[in-house]
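What follows is the content of start_1.tsv (TSV, C-alpha atoms).
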chain	number	residue	atom	x	y	z
A	1350	MET	CA	132.86	59.55	58.61
A	1351	LYS	CA	134.73	59.60	55.35
A	1352	GLN	CA	134.33	63.35	55.17
A	1353	LYS	CA	135.68	63.76	58.70
A	1354	PHE	CA	138.70	61.64	57.83
A	1355	SER	CA	139.46	63.72	54.77
A	1356	MET	CA	139.13	66.92	56.84
A	1357	LEU	CA	141.64	65.59	59.36
A	1358	TRP	CA	144.01	64.47	56.63
A	1359	THR	CA	143.89	67.92	55.02
A	1360	LEU	CA	144.67	69.47	58.41
A	1361	PHE	CA	147.60	67.14	59.02
A	1362	TRP	CA	149.07	67.67	55.58
A	1363	THR	CA	148.63	71.46	55.59
A	1364	PHE	CA	150.27	71.84	58.99
A	1365	ALA	CA	153.06	69.40	58.13
A	1366	LYS	CA	153.87	71.60	55.13
A	1367	MET	CA	153.87	74.66	57.39
A	1368	GLY	CA	156.14	72.84	59.84
A	1369	VAL	CA	158.72	72.40	57.10
A	1370	MET	CA	158.43	76.03	56.04
A	1371	THR	CA	158.77	77.39	59.59
A	1372	PHE	CA	162.43	78.16	59.63
A	1373	GLY	CA	163.59	79.75	62.86
A	1374	GLY	CA	160.89	80.15	65.46
A	1375	GLY	CA	157.16	80.59	65.72
A	1376	MET	CA	157.19	84.22	64.58
A	1377	ALA	CA	158.44	83.14	61.16
A	1378	MET	CA	155.24	81.15	60.87
A	1379	LEU	CA	152.78	84.06	60.94
A	1380	PRO	CA	153.02	85.15	57.27
A	1381	ILE	CA	152.80	81.50	56.14
A	1382	LEU	CA	149.73	80.94	58.33
A	1383	GLN	CA	148.11	84.06	56.90
A	1384	ARG	CA	148.50	82.77	53.37
A	1385	GLU	CA	147.49	79.15	53.98
A	1386	VAL	CA	144.86	79.37	56.72
A	1387	VAL	CA	143.23	82.73	55.98
A	1388	ASP	CA	143.61	83.26	52.22
A	1389	ASN	CA	143.66	79.71	50.81
A	1390	LYS	CA	141.70	77.47	53.18
A	1391	HIS	CA	139.46	80.04	54.96
A	1392	TRP	CA	139.78	78.13	58.26
A	1393	ALA	CA	140.01	81.37	60.25
A	1394	THR	CA	139.76	85.11	59.66
A	1395	GLU	CA	142.71	87.47	59.88
A	1396	GLU	CA	141.46	88.76	63.27
A	1397	GLU	CA	141.01	85.26	64.69
A	1398	LEU	CA	144.52	84.35	63.60
A	1399	VAL	CA	146.03	87.39	65.33
A	1400	ASP	CA	144.04	86.49	68.48
A	1401	TYR	CA	145.22	82.88	68.40
A	1402	PHE	CA	148.78	84.01	67.93
A	1403	ALA	CA	148.62	86.47	70.82
A	1404	ILE	CA	147.11	83.84	73.14
A	1405	GLY	CA	149.61	81.26	71.86
A	1406	GLN	CA	152.41	83.52	73.06
A	1407	CYS	CA	151.07	83.81	76.59
A	1408	THR	CA	149.96	80.23	77.17
A	1409	PRO	CA	152.39	77.42	77.98
A	1410	GLY	CA	154.11	75.68	75.10
A	1411	ILE	CA	155.54	76.39	71.68
A	1412	ILE	CA	153.77	79.22	69.83
A	1413	ALA	CA	153.56	77.33	66.53
A	1414	VAL	CA	151.98	74.33	68.26
A	1415	ASN	CA	149.48	76.43	70.21
A	1416	THR	CA	148.32	78.23	67.07
A	1417	ALA	CA	147.98	74.93	65.22
A	1418	THR	CA	145.84	73.46	68.03
A	1419	PHE	CA	143.57	76.52	67.94
A	1420	ILE	CA	143.00	76.43	64.20
A	1421	GLY	CA	142.61	72.64	64.10
A	1422	GLN	CA	139.97	72.59	66.83
A	1423	LYS	CA	138.03	75.40	65.18
A	1424	TYR	CA	137.92	73.53	61.86
A	1425	ALA	CA	137.37	69.96	63.08
A	1426	GLY	CA	136.86	69.84	66.85
A	1427	ILE	CA	139.15	68.26	69.44
A	1428	ALA	CA	140.44	65.61	67.01
A	1429	GLY	CA	141.27	68.46	64.64
A	1430	GLY	CA	143.32	70.24	67.30
A	1431	ILE	CA	145.33	67.12	68.00
A	1432	VAL	CA	145.85	66.22	64.33
A	1433	ALA	CA	146.98	69.76	63.37
A	1434	THR	CA	149.53	69.66	66.20
A	1435	LEU	CA	150.84	66.27	65.12
A	1436	GLY	CA	151.15	67.73	61.62
A	1437	VAL	CA	153.35	70.61	62.81
A	1438	VAL	CA	155.71	68.36	64.75
A	1439	PHE	CA	155.93	65.57	62.16
A	1440	PRO	CA	158.62	67.13	59.90
A	1441	SER	CA	160.79	67.97	62.95
A	1442	LEU	CA	160.62	64.36	64.14
A	1443	VAL	CA	161.79	63.04	60.78
A	1444	ILE	CA	164.42	65.68	59.93
A	1445	ILE	CA	166.01	65.93	63.39
A	1446	SER	CA	166.10	62.15	63.88
A	1447	ILE	CA	168.00	61.71	60.60
A	1448	LEU	CA	170.38	64.61	61.35
A	1449	ALA	CA	170.98	63.55	64.96
A	1450	GLY	CA	171.85	60.04	63.77
A	1451	LEU	CA	174.32	61.42	61.22
A	1452	ILE	CA	175.95	63.85	63.67
A	1453	THR	CA	176.42	61.13	66.30
A	1454	ASN	CA	178.27	59.02	63.72
A	1455	PHE	CA	180.64	61.83	62.78
A	1456	SER	CA	181.12	63.43	66.18
A	1457	ASP	CA	184.58	61.85	66.67
A	1458	LEU	CA	186.07	63.61	63.65
A	1459	ALA	CA	188.40	66.48	64.58
A	1460	TRP	CA	186.88	68.97	62.14
A	1461	VAL	CA	183.35	68.24	63.37
A	1462	GLN	CA	184.47	68.93	66.95
A	1463	ASN	CA	186.18	72.16	65.91
A	1464	ALA	CA	183.13	73.25	63.92
A	1465	PHE	CA	180.83	72.69	66.90
A	1466	ALA	CA	183.23	74.53	69.22
A	1467	GLY	CA	182.90	77.53	66.88
A	1468	ILE	CA	179.13	77.10	66.64
A	1469	GLN	CA	178.82	77.14	70.45
A	1470	VAL	CA	180.21	80.67	70.48
A	1471	CYS	CA	177.55	81.65	67.97
A	1472	VAL	CA	174.83	80.03	70.09
A	1473	CYS	CA	175.91	82.22	73.04
A	1474	VAL	CA	175.39	85.31	70.92
A	1475	LEU	CA	172.04	84.08	69.55
A	1476	ILE	CA	170.69	83.40	73.06
A	1477	PHE	CA	171.97	86.77	74.23
A	1478	ASN	CA	170.17	88.48	71.33
A	1479	ALA	CA	166.97	86.58	72.14
A	1480	VAL	CA	167.13	87.76	75.76
A	1481	SER	CA	167.70	91.40	74.82
A	1482	LYS	CA	164.75	91.27	72.39
A	1483	LEU	CA	162.48	89.68	75.03
A	1484	LEU	CA	163.58	92.25	77.61
A	1485	LYS	CA	161.98	95.06	75.64
A	1486	LYS	CA	158.64	93.24	75.60
A	1487	SER	CA	158.57	91.84	79.12
A	1488	VAL	CA	160.26	94.46	81.33
A	1489	VAL	CA	157.81	97.33	81.09
A	1490	ASP	CA	158.23	99.08	84.49
A	1491	LYS	CA	160.23	98.99	87.75
A	1492	ARG	CA	158.40	96.01	89.21
A	1493	THR	CA	158.87	93.80	86.15
A	1494	ALA	CA	162.54	94.85	86.17
A	1495	VAL	CA	162.84	93.63	89.77
A	1496	ILE	CA	161.19	90.29	88.89
A	1497	PHE	CA	163.58	89.90	85.95
A	1498	VAL	CA	166.71	90.58	88.06
A	1499	LEU	CA	165.57	88.32	90.92
A	1500	VAL	CA	164.80	85.40	88.61
A	1501	LEU	CA	168.05	85.93	86.70
A	1502	LEU	CA	170.13	85.85	89.91
A	1503	GLY	CA	168.09	82.96	91.31
A	1504	GLY	CA	168.58	80.98	88.11
A	1505	VAL	CA	172.34	81.48	88.17
A	1506	PHE	CA	173.02	80.96	91.88
A	1507	LEU	CA	170.30	78.58	93.08
A	1508	ASP	CA	169.86	74.95	92.15
A	1509	LEU	CA	166.08	75.12	91.86
A	1510	SER	CA	163.81	73.85	89.09
A	1511	PRO	CA	162.61	76.67	86.79
A	1512	VAL	CA	159.10	75.48	87.62
A	1513	TRP	CA	159.25	77.25	91.01
A	1514	PHE	CA	160.29	80.55	89.48
A	1515	VAL	CA	157.41	80.36	87.01
A	1516	ILE	CA	154.83	79.64	89.72
A	1517	GLY	CA	156.30	82.32	92.02
A	1518	ALA	CA	156.32	84.95	89.29
A	1519	ALA	CA	152.70	84.26	88.30
A	1520	LEU	CA	151.63	84.68	91.93
A	1521	ALA	CA	153.74	87.84	92.25
A	1522	GLY	CA	152.03	89.28	89.17
A	1523	ILE	CA	148.57	88.68	90.64
A	1524	VAL	CA	149.51	90.08	94.08
A	1525	LEU	CA	151.30	93.16	92.72
A	1526	LYS	CA	148.45	94.07	90.38
A	1527	ASN	CA	145.90	93.59	93.18
A	1528	TRP	CA	147.76	96.06	95.38
A	1529	GLU	CA	147.79	98.53	92.56
A	1530	VAL	CA	144.02	98.28	92.21
A	1531	ARG	CA	143.52	98.69	95.97
A	1532	LYS	CA	145.75	101.75	96.15
A	1533	ALA	CA	143.96	103.43	93.27
B	327	MET	CA	161.31	54.43	86.48
B	328	SER	CA	161.81	53.56	82.85
B	329	VAL	CA	163.89	56.17	81.08
B	330	TYR	CA	161.08	56.80	78.55
B	331	LEU	CA	158.51	57.46	81.28
B	332	ARG	CA	160.94	59.88	82.91
B	333	LEU	CA	161.56	61.50	79.52
B	334	PHE	CA	157.82	61.98	78.99
B	335	TRP	CA	157.39	63.44	82.47
B	336	GLU	CA	160.32	65.87	82.17
B	337	PHE	CA	159.08	67.15	78.80
B	338	PHE	CA	155.49	67.30	80.02
B	339	LYS	CA	156.69	69.65	82.77
B	340	THR	CA	158.66	71.67	80.21
B	341	GLY	CA	155.63	71.99	77.95
B	342	LEU	CA	153.45	73.03	80.87
B	343	PHE	CA	155.73	75.64	82.45
B	344	ALA	CA	157.74	77.09	79.55
B	345	VAL	CA	155.82	80.20	78.54
B	346	GLY	CA	156.66	82.33	75.50
B	347	GLY	CA	157.93	80.12	72.72
B	348	GLY	CA	160.77	77.76	71.87
B	349	MET	CA	163.63	79.61	73.56
B	350	ALA	CA	161.69	79.54	76.86
B	351	THR	CA	162.21	75.76	76.96
B	352	LEU	CA	165.99	76.23	77.15
B	353	PRO	CA	166.24	76.78	80.95
B	354	PHE	CA	164.14	73.65	81.47
B	355	LEU	CA	166.32	71.55	79.16
B	356	HIS	CA	169.35	72.93	80.97
B	357	ASP	CA	167.83	71.82	84.28
B	358	ILE	CA	166.96	68.34	82.91
B	359	GLY	CA	170.56	67.83	81.76
B	360	GLU	CA	171.94	68.80	85.14
B	361	SER	CA	169.54	66.79	87.27
B	362	THR	CA	169.58	63.58	85.18
B	363	GLY	CA	173.08	63.60	83.69
B	364	TRP	CA	171.59	62.53	80.34
B	365	TYR	CA	173.63	65.10	78.38
B	366	THR	CA	176.16	67.87	79.06
B	367	GLN	CA	175.56	71.59	78.57
B	368	ALA	CA	177.91	71.48	75.56
B	369	ASP	CA	175.71	68.74	74.03
B	370	LEU	CA	172.67	70.94	74.63
B	371	MET	CA	174.27	73.88	72.82
B	372	ASN	CA	175.07	71.72	69.82
B	373	MET	CA	171.46	70.57	69.79
B	374	LEU	CA	170.26	74.17	69.95
B	375	ALA	CA	172.50	75.13	67.02
B	376	VAL	CA	171.17	72.25	64.90
B	377	SER	CA	167.58	73.10	65.92
B	378	GLU	CA	168.02	76.71	64.80
B	379	SER	CA	169.48	75.64	61.47
B	380	THR	CA	166.80	73.14	60.44
B	381	PRO	CA	163.15	73.57	59.41
B	382	GLY	CA	160.50	73.33	62.12
B	383	PRO	CA	159.74	75.24	65.33
B	384	ILE	CA	162.88	75.48	67.50
B	385	GLY	CA	161.17	74.20	70.65
B	386	ILE	CA	159.96	71.06	68.87
B	387	ASN	CA	163.31	70.45	67.18
B	388	MET	CA	165.07	70.64	70.55
B	389	ALA	CA	162.61	68.27	72.22
B	390	THR	CA	163.04	65.77	69.38
B	391	TYR	CA	166.82	66.09	69.47
B	392	VAL	CA	167.12	65.69	73.26
B	393	GLY	CA	164.72	62.72	73.19
B	394	PHE	CA	166.71	61.14	70.35
B	395	THR	CA	170.03	61.60	72.19
B	396	VAL	CA	168.74	60.21	75.49
B	397	GLY	CA	166.96	57.29	73.80
B	398	SER	CA	169.97	56.37	71.68
B	399	SER	CA	172.26	56.04	74.71
B	400	HIS	CA	169.71	53.68	76.32
B	401	GLY	CA	168.43	51.57	73.44
B	402	GLY	CA	170.33	52.12	70.16
B	403	THR	CA	168.50	53.28	67.02
B	404	ALA	CA	165.07	51.97	68.04
B	405	GLY	CA	165.46	53.59	71.46
B	406	ALA	CA	166.48	56.84	69.81
B	407	VAL	CA	163.37	57.01	67.63
B	408	LEU	CA	161.17	56.10	70.60
B	409	GLY	CA	162.89	58.74	72.75
B	410	ALA	CA	162.38	61.40	70.05
B	411	LEU	CA	158.66	60.53	69.85
B	412	VAL	CA	158.12	60.36	73.60
B	413	ALA	CA	159.87	63.69	74.32
B	414	THR	CA	158.03	65.52	71.53
B	415	ILE	CA	154.61	64.13	72.44
B	416	GLY	CA	155.33	64.88	76.11
B	417	GLU	CA	156.13	68.50	75.30
B	418	VAL	CA	153.01	69.18	73.20
B	419	THR	CA	150.49	67.31	75.39
B	420	PRO	CA	150.00	70.06	78.02
B	421	ALA	CA	149.77	72.70	75.29
B	422	ILE	CA	147.04	70.77	73.48
B	423	VAL	CA	145.01	70.37	76.69
B	424	VAL	CA	145.47	74.01	77.74
B	425	ILE	CA	144.59	75.38	74.30
B	426	LEU	CA	141.50	73.17	73.95
B	427	ILE	CA	140.28	74.48	77.31
B	428	VAL	CA	141.13	78.08	76.46
B	429	ALA	CA	139.45	77.77	73.06
B	430	ALA	CA	136.24	76.69	74.78
B	431	MET	CA	136.16	79.91	76.79
B	432	LEU	CA	138.17	82.24	74.61
B	433	LYS	CA	136.48	85.47	75.58
B	434	LYS	CA	136.56	84.77	79.31
B	435	PHE	CA	140.25	83.90	79.12
B	436	ARG	CA	141.20	87.01	77.18
B	437	ASP	CA	139.34	89.33	79.52
B	438	SER	CA	140.31	87.63	82.78
B	439	ARG	CA	142.07	89.96	85.19
B	440	TYR	CA	143.82	87.05	86.91
B	441	VAL	CA	145.24	85.68	83.69
B	442	ASN	CA	146.49	89.10	82.60
B	443	ASN	CA	148.00	89.83	86.02
B	444	ALA	CA	149.71	86.44	86.19
B	445	PHE	CA	151.30	87.09	82.81
B	446	TYR	CA	152.46	90.51	83.95
B	447	GLY	CA	154.73	88.61	86.39
B	448	LEU	CA	155.39	85.61	84.14
B	449	ARG	CA	156.85	87.47	81.16
B	450	PRO	CA	159.85	89.04	82.95
B	451	ALA	CA	160.42	85.77	84.85
B	452	SER	CA	160.54	83.81	81.61
B	453	THR	CA	163.07	86.32	80.25
B	454	GLY	CA	165.05	86.05	83.50
B	455	LEU	CA	165.21	82.26	83.22
B	456	ILE	CA	166.46	82.43	79.63
B	457	GLY	CA	168.94	85.07	80.83
B	458	ALA	CA	170.24	82.69	83.50
B	459	ALA	CA	170.61	79.93	80.90
B	460	CYS	CA	172.49	82.48	78.79
B	461	VAL	CA	174.87	83.22	81.67
B	462	ALA	CA	175.49	79.49	82.12
B	463	VAL	CA	176.39	78.93	78.46
B	464	VAL	CA	178.55	82.06	78.31
B	465	LEU	CA	180.48	80.87	81.39
B	466	GLU	CA	180.88	77.46	79.81
B	467	VAL	CA	181.95	78.56	76.35
B	468	LEU	CA	183.69	81.93	76.73
B	469	THR	CA	185.33	81.69	80.15
B	470	HIS	CA	187.17	79.11	82.21
B	471	VAL	CA	184.72	79.39	85.10
B	472	VAL	CA	183.45	75.90	85.90
B	473	SER	CA	180.26	75.06	87.75
B	474	LEU	CA	180.82	72.76	90.73
B	475	GLY	CA	177.16	72.18	91.45
B	476	THR	CA	175.88	72.57	94.98
B	477	SER	CA	177.47	71.44	98.21
B	478	GLU	CA	175.82	68.39	99.73
B	479	GLY	CA	172.22	69.11	100.70
B	480	GLY	CA	172.51	72.78	99.70
B	481	ILE	CA	170.76	74.67	96.96
B	482	VAL	CA	173.42	77.34	96.26
B	483	ASN	CA	175.52	76.74	93.15
B	484	ARG	CA	179.29	77.02	93.51
B	485	TYR	CA	181.70	78.14	90.80
B	486	ALA	CA	185.49	77.94	90.45
B	487	LEU	CA	188.10	79.35	88.08
B	488	ASP	CA	190.09	76.89	85.96
B	489	GLY	CA	193.13	78.78	84.59
B	490	SER	CA	192.84	82.26	83.09
B	491	LEU	CA	189.42	83.92	83.18
B	492	PHE	CA	188.58	84.34	79.49
B	493	ASP	CA	188.83	82.23	76.40
B	494	TRP	CA	190.13	85.05	74.19
B	495	ARG	CA	189.58	83.43	70.79
B	496	GLY	CA	185.98	82.62	71.63
B	497	LEU	CA	185.44	86.09	73.03
B	498	ALA	CA	186.80	87.70	69.85
B	499	LEU	CA	184.45	85.65	67.67
B	500	ALA	CA	181.53	86.44	69.99
B	501	ALA	CA	182.30	90.17	69.76
B	502	VAL	CA	182.36	90.06	65.95
B	503	LEU	CA	179.07	88.11	65.85
B	504	LEU	CA	177.44	90.48	68.33
B	505	VAL	CA	178.29	93.46	66.10
B	506	LEU	CA	177.20	91.67	62.90
B	507	THR	CA	173.84	90.56	64.35
B	508	ASN	CA	172.93	93.86	66.01
B	509	TRP	CA	174.55	96.86	64.42
B	510	VAL	CA	175.71	96.15	60.86
B	511	LYS	CA	172.73	96.97	58.60
B	512	PRO	CA	173.39	94.54	55.71
B	513	THR	CA	173.93	91.53	58.02
B	514	LYS	CA	171.75	92.10	61.07
B	515	ASN	CA	168.55	90.72	59.55
B	516	LEU	CA	170.13	87.62	58.03
B	517	HIS	CA	168.88	84.22	59.19
B	518	PRO	CA	170.82	82.75	62.17
B	519	ILE	CA	171.97	79.85	59.98
B	520	VAL	CA	174.35	82.26	58.19
B	521	PHE	CA	176.14	83.06	61.45
B	522	ILE	CA	176.11	79.43	62.58
B	523	VAL	CA	177.81	78.35	59.33
B	524	LEU	CA	180.30	81.23	59.58
B	525	SER	CA	181.19	80.23	63.15
B	526	ALA	CA	181.61	76.59	62.13
B	527	VAL	CA	184.12	77.65	59.45
B	528	VAL	CA	186.00	79.87	61.93
B	529	GLY	CA	186.00	76.98	64.41
B	530	VAL	CA	187.51	74.58	61.87
B	531	VAL	CA	190.11	77.06	60.55
B	532	PHE	CA	191.31	78.14	64.00
B	533	ARG	CA	190.83	74.69	65.62
B	534	PHE	CA	188.51	75.97	68.35
B	535	ALA	CA	188.22	72.56	70.02
B	536	GLY	CA	192.01	72.23	70.07
B	537	VAL	CA	192.08	68.99	68.06
The structure in this file should be written as structure tokens.
Amino acid sequence: MKQKFSMLWTLFWTFAKMGVMTFGGGMAMLPILQREVVDNKHWATEEELVDYFAIGQCTPGIIAVNTATFIGQKYAGIAGGIVATLGVVFPSLVIISILAGLITNFSDLAWVQNAFAGIQVCVCVLIFNAVSKLLKKSVVDKRTAVIFVLVLLGGVFLDLSPVWFVIGAALAGIVLKNWEVRKA
Amino acid sequence: MSVYLRLFWEFFKTGLFAVGGGMATLPFLHDIGESTGWYTQADLMNMLAVSESTPGPIGINMATYVGFTVGSSHGGTAGAVLGALVATIGEVTPAIVVILIVAAMLKKFRDSRYVNNAFYGLRPASTGLIGAACVAVVLEVLTHVVSLGTSEGGIVNRYALDGSLFDWRGLALAAVLLVLTNWVKPTKNLHPIVFIVLSAVVGVVFRFAGV
């Protein structure tokens, strides 16, 4: 019992530290995971980590969280998966809550409003860059290009929850690939 | 429904359907803002900027920030902390369940034709959704096109022009940032926080908000 508790605590603490060090997206986490999880703690091998990361990218949710759940459950079962995930999100909860509180208090100041108006322009560019990077990975042929354009237009012009586009696209993927197999 | 239950539910859906990392949650957060009126799109962009500039996965930072904002307008500081917790837990719950199931049948999952085929369609759709969110923020920040929402009972969004088409100052800054982040060798691999700080300074110097 005591040993289990200390295992879970180690998981929480290790992943909380990694949460703080992840600066800018799940991808930034991979080298840190390699050092901590593979080299220092031996919780997973290099190959397992790459597998977890790949699956984390194509399952729902945040990549960093998915990878943490995988490693946690391998080391200490279901409780381990949950605790590792709580570890990753813990620093965000603390840091963002403090910052959000501060920003709300200062949001009436003219220079804060001007600064955020400038920052919004930057956010446009950052999202645009993210889309163009994702395009190279996700649009691999004519059919994926059609899906991309349809969802893009649908998202702009229709007032529908993104949920429906996700479900529709998953079905389309299965149907399109089935046809391909039948034709071949 | 209590606002915290609703918050949990909305983020649970986001966590379940957003595939491909933190940025993939953006279209869902956009949709939540529009359908609940909890925050404006400009608020959301500020939250995204702060989330990119602080430690932690972007998707988690945004969930915490949105939850904090919604909670604070309903129940002060205590409500804010509760909202942050509820939104974040809501977002990671589906992922934990899915991953625990996948982990139990790792090999089957990886080799499944259905899973692979579904993701063949999902990946471009996820990119398309982020693209649509990108169009919405570009319209909001860089042009004077305003979204009017849908007509009663309809599902087609309507847009209108408010004054001249472009916000030229914003467009000029966007063009400079686009070049710096994509084509200028010494700057293109810098962390986004550098460009966020630069834009904040430009915004203050040139009074981007007009105050």
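Using only C-alpha atoms for every distance, the candidate list A:Arg1492, A:Ile1412, A:Asp1400, A:Leu1435 yields A:Arg1492 as the residue closest to Glu1529 in chain A.
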Can you measure CA of Tyr485 in chain B to CA of Ser473 in chain B for me? One decimal in Å is fine.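 Going from CA of Tyr485 in chain B over to CA of Ser473 in chain B, I get 4.6 Å.
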Nearest candidate to chain A (options B:Ile427, B:Asn442, B:Pro381, B:Lys434; using all atoms listed in the file):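 Among B:Ile427, B:Asn442, B:Pro381, B:Lys434, it is B:Pro381 that comes nearest to chain A.
With distances taken over all atoms listed in the file, B:Phe534 is the one residue among B:Phe521, B:Phe334, B:Tyr440, B:Phe534 lying closest to Gly1467 in chain A.
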Selection near range 1496-1505 of chain A, 7 Å with all atoms listed in the file, sequence-local residues under 2 positions removed, as an MDAnalysis selection string: (chainID A and resid 1492:1494 1507 1514) or (chainID B and resid 450:451 453:455 457:458)
Let me make sure I understand: among A:Asn1478, A:Lys1532, A:Asp1457, A:Pro1409, which one has the smallest atom-to-atom distance to chain B if we use all atoms listed in the file? A:Pro1409
Spatial neighbours of range 1421-1424 of chain A, max dist 12 Å, all atoms listed in the file, sep filter under 3 positions, as a ChimeraX atom specification: /A:1353,1356-1364,1386,1390-1394,1397-1398,1401,1414-1418,1427-1437 /B:422-423,425-430,432
